[in-house]
Amino acid sequence: MSTKTTRTQDILDRTPSSIALYRLLVPFVIVGLWELLSRWIGPRVLPGPVHTFSALYEGIQSGWVIPNTNVTMQAVVISFLIATVIGGVTGLILGFNKPAYDIVEPFFLSFYSVPKITMYPIFLFIFGVGLNTKVGFATFSSFFPMLIITMGAVRSIDDVYINVGKSLQVSRYQMFRHIVLPYILVQLVVALRLTFNSAFLAVILVELFAARSGLGLVLQHAMGTFNSEEILIVVTVLAVIAFVINIIFYGAQQLLEERWNMTSDEQMGI
Amino acid sequence: MSLTGLSSLPYSKQIRLGRATLLVAILATLELVGRAEWFDQLTYVPLSTMVETAYGLLVSGELTDDIITTIGLVFVSFVSATLVALVIGWFLWRHDKVKQVLDPYLIVLYAMPIFVFYPMFIIVFGLNVFPIVLIAFAMSVTIIIISTANGLAKVPDVLIDVGRSMGLSRREQFRHVIFPAAVPYIFTGLKLGFVYAFIGVIASEFILSNSGLGYQISWYYQQFQTADMYAVLLIVITLAVVVNLGLIRIEDRLHRRT
């Protein structure tokens, strides 16, 4: 893949400076397009970037942005951590057990395509509205990418490496630390990114549907009152958070890919 | 798990048996949890009640309009996303510099919670099908762009050399060599794109709309018609699973051929 070499150079700061420069320009182009779109549709329906950022500043000053962001992100982080641990451990166990893996794989893959938000009412029925319900649902929904990628990664380990380890009579810990982990590390980073994104989306959807606080609730309220300014503030905050976190994970993924010549799983499309 | 007694069977048969057992176990659990009356009738109903209610809803024609709406919207979103993505993917493949600049943004865009734009679209376009199609389109398009651009780039040079030695023109080369060779990769993107279009439509309908299967689930939820809610949910899950299994099967076949 021709992009591979350029990625290496990118990491080692040997990218042709024009590409790095253009990359930096992209966000400005997006903000410019937003401005044009706002003028075209009319700033009352779609406020422009300048207006939105000053409104965001006011929102922070008047004290509704930060607390609601905290509520949302708290739920996201807790669900992400629980889903990572449960999904990761289950993925490792299933990955190492070939028959079990072969049996369960189609179930998990096909359940991946179910719009899980439609199952949220079940959580509401059983647990009622609250932080636990939110976290429970987001954990449930982000558990799947973690599990699917982890078990797929383990399964893709070449038996040769495992056999070498066995013939060297390494301990279980050594096997994991020196053979399994290096092999699956990149895919684990991909899995973490997707798990985080699933948890993030799940929490927002849940707050949009039924919640007592959080950015999703603000969004729902603003939608009811046709307050496009507030909607854009929330969208901007969420987009910036998602952007920064994804860039960090993506950077880590590339570093690993290039430093240790690892590759990620193309099957999940990433 | 004790497969010892079954070890005379070939491995693939054992796996198939295992899958069937697991499926039966899941269905039985869904039934028995309802029968055991751990939950009241407003919280959970047994699987048999769900199936019965779903059958009733389907036969009475109550859901026909919603099914047509949902499937139609998924189709429109997915097809338009595919067309746009194939063109953009092809463009990025032809212009490697542009692709290099945009690559990290495509990855991030793919991961963005695009759904947060739904309220904005409703304000701009009103509460109709357009915001739904736009969300499903946006959720579906990115992964198809990525897989098309990467798939075309992955075509081995040998194939291209062969085509060249046969004196194919650029256009023939693309039509008969490069594109067919990239199809398995592109198909993985199409499969995921379809899944996201489906999720996008159902989720939009569920959160705020006035028709469709997703809408019916939230409507029945709000009306405390628990059995109906589970029935529609069962229809949605069945639809998602069946379509996805079909796509996975086609994908396996495409990949095995290469």
# chains A, B, ... in the order shown; residues from 1 in each chain; ligands from 1
$ interface_residues --of "chain A" --to "chain B" --cutoff "6 Å" --atoms "only C-alpha atoms" --output "list in words"
Ile19, Arg23, Ile103, Ser110, Ser113, Val114, Pro115, Phe125, Leu201, Phe209, Met223 and Asn246 of chain A
$ write_last_selection --atoms "C-alpha atoms" --output "compact mmCIF listing (two decimals), in the first residue's frame"
# COMPACT_ATOMS: atom_id res chain seq x y z
CA ILE A 19 0.82 17.70 2.81
CA ARG A 23 -3.80 18.93 6.55
CA ILE A 103 -19.66 -20.85 17.13
CA SER A 110 -24.93 -10.02 13.04
CA SER A 113 -25.89 -4.47 12.76
CA VAL A 114 -28.86 -4.09 15.12
CA PRO A 115 -29.73 -0.44 15.92
CA PHE A 125 -38.31 -0.43 31.98
CA LEU A 201 -22.88 7.93 20.56
CA PHE A 209 -34.41 10.06 24.15
CA MET A 223 -34.81 21.02 19.26
CA ASN A 246 -10.06 10.25 17.76
$ atom_distance --atom1 "atom CA of Phe144 of chain A" --atom2 "atom CA of Val24 of chain B"
21.2 Å
$ residues_around --residues "Val186 of chain A" --least-positions-apart "2" --cutoff "6 Å" --atoms "only C-alpha atoms" --output "list in words"
Ile184, Leu188, Val189, Gln253 and Ser264 of chain A
$ closest_residue --among "A:Ser198, A:Ser213, A:Ser18, A:Ser141" --to "Tyr120 of chain A" --atoms "only C-alpha atoms"
A:Ser141
$ residues_around --residues "Thr72 of chain A" --least-positions-apart "4" --cutoff "7 Å" --atoms "only C-alpha atoms" --output "ChimeraX atom specification"
/A:68,76,203,214-215
$ select_by_dssp --residues "segment 108-248 of chain A" --states "helix (DSSP H, G or I)" --output "PyMOL selection string"
chain A and resi 108-111+116-127+131-155+159-167+172-209+215-224+228-248
$ residues_around --residues "Ser211 of chain B" --least-positions-apart "6" --cutoff "9 Å" --atoms "only C-alpha atoms" --output "VMD selection string"
chain B and resid 65 to 66 69 to 70 205
$ write_last_selection --atoms "N, CA and C atoms" --output "JSON list (two decimals), in the first residue's frame"
[["chain", "number", "residue", "atom", "x", "y", "z"],
["B", 65, "ASP", "N", -47.28, 0.43, 6.19],
["B", 65, "ASP", "CA", -46.76, 1.74, 5.79],
["B", 65, "ASP", "C", -45.40, 2.02, 6.41],
["B", 66, "ASP", "N", -45.28, 1.66, 7.71],
["B", 66, "ASP", "CA", -44.01, 1.92, 8.40],
["B", 66, "ASP", "C", -42.88, 1.09, 7.81],
["B", 69, "THR", "N", -41.94, 2.66, 4.52],
["B", 69, "THR", "CA", -41.20, 3.89, 4.77],
["B", 69, "THR", "C", -39.75, 3.59, 5.15],
["B", 70, "THR", "N", -39.59, 2.73, 6.16],
["B", 70, "THR", "CA", -38.24, 2.46, 6.66],
["B", 70, "THR", "C", -37.35, 1.86, 5.57],
["B", 205, "GLU", "N", -35.67, 7.66, 13.30],
["B", 205, "GLU", "CA", -37.11, 7.45, 13.49],
["B", 205, "GLU", "C", -37.43, 7.28, 14.97]]
$ atom_distance --atom1 "atom CA of Thr118 of chain A" --atom2 "atom CA of Ile66 of chain A"
28.9 Å
